[in-house]
Amino acid sequence: MVATAISAMNSVVAISFSQNPFNNYRNLCKQQWRRPISLTPTHLSFPTPTKTRRPLQTSTLVSSSSSVPAAVEDYEFVDASSEVELRLQLGGRNFENSRDIFVDADGTSLTIKVQHSGSLITLVETNHLFDKIKPSETIWYIDDDQLVVNLKKHDPELKWPDIMESWESLTAGSMQLLKGASIYIVGDSTEINQKVAQELAVGLGYTPLSTKEFMESFAKQTIESWLLAEGSDSVAEAENAVLQSLSSHVRAVVATLGGQHGAAGRADKWRHLYAGFTVWVSQTEATDEDSAKEEARSHIKDGSLAYSNADVVVKLQGWDAVHAKSVAQGCLSALKQLILSDKKLPSKKSLYIRLGCRGDWPNIKPPGWDPSAGDDVSNSQ
């Protein structure tokens, strides 16, 4: 399965399906860095840090042809406001020559290698640190039997739940970013929308909601029979009414109907979808991530599909319900990048709701604006 996530604001995050980035981690950890080893005491203490100790695990999505590798060894992670610290056990091994340890950090990537018994072993290799770092300010040193790596955050205000972007760190870290804003899953497949929404809701502690379930419960008939009896326009109008009633809800993940009979498939039915963050889960025949990204950008630029109104796009090649959590992780990764590019977005969504979901997203008009009057502000209050 190829999965790519891209935001409508052209900030892109590629989700690759790979093996455990903490490769061959056994009793040692080391790295090569462009700066000399520093034992500056200021890097040994941190103000009110959050410290975690846990098994290393993969931070990437998993393809249908691979499995999540077993967790290995323990590490300690500390978030100390402006920087994060990673401590890896060396298992009593002594490194007399610092050139045997290689550390390379850049952007959101981290590589740790060690020279051992004549071989260069890759211990850590990931392109998915939880957020960007300032590589020129990275230092590492050995403290007793631990390798300590200090990474300077690019965004000191962002709390890192863990060193890497993973399902666990994304679900924990998204709470500080979303600020209670709801999420709407749109796309051609009702089944995919529901499965992904359910995974997201469970991970975030949000309420899972399905417009399909609401509509079938109210009408006491299936969507299929409804379509046959009254047509797609009737179904789309009914879902639009459900979305209106849900637009004031917070901390919910809403799965919408797929296809043109759904409100999200029609450009004139997005007024209430803008109340939350929308994710377009789209299947693709692209064979690689670059092609999938280009396809997503093309759809956004063209704008002919109503789904292109979504805040972020997640492209999938193929679908299997057992990988719904992987797709949900891609959704959170894309949303994280989007919100970090403009931290005012959650507050802006809240304002949009308070003003009545008038359809003026993203350029919210002043109070009193009448949608039927175009761009003019109504004089009546």
# chains A, B, ... in the order shown; residues from 1 in each chain; ligands from 1
>>> closest_atom_pairs(of="region 279-368 of chain A", to="region 247-267 of chain A", cutoff="7 Å", atoms="only C-alpha atoms", output="CSV")
residue,atom,partner,partner_atom,distance
A:Ala306,CA,A:Ala267,CA,4.6
A:Tyr307,CA,A:Gly265,CA,6.2
A:Ile353,CA,A:Ser248,CA,6.4
>>> select_by_dssp(residues="region 277-367 of chain A", states="alpha helix (DSSP H)", output="number ranges by chain")
A: 289-302, 324-341, 345-354
>>> closest_residue(among="A:Ile192, A:Ile121, A:Ile183, A:Val279", to="Thr207 (chain A)", atoms="only C-alpha atoms")
A:Ile183
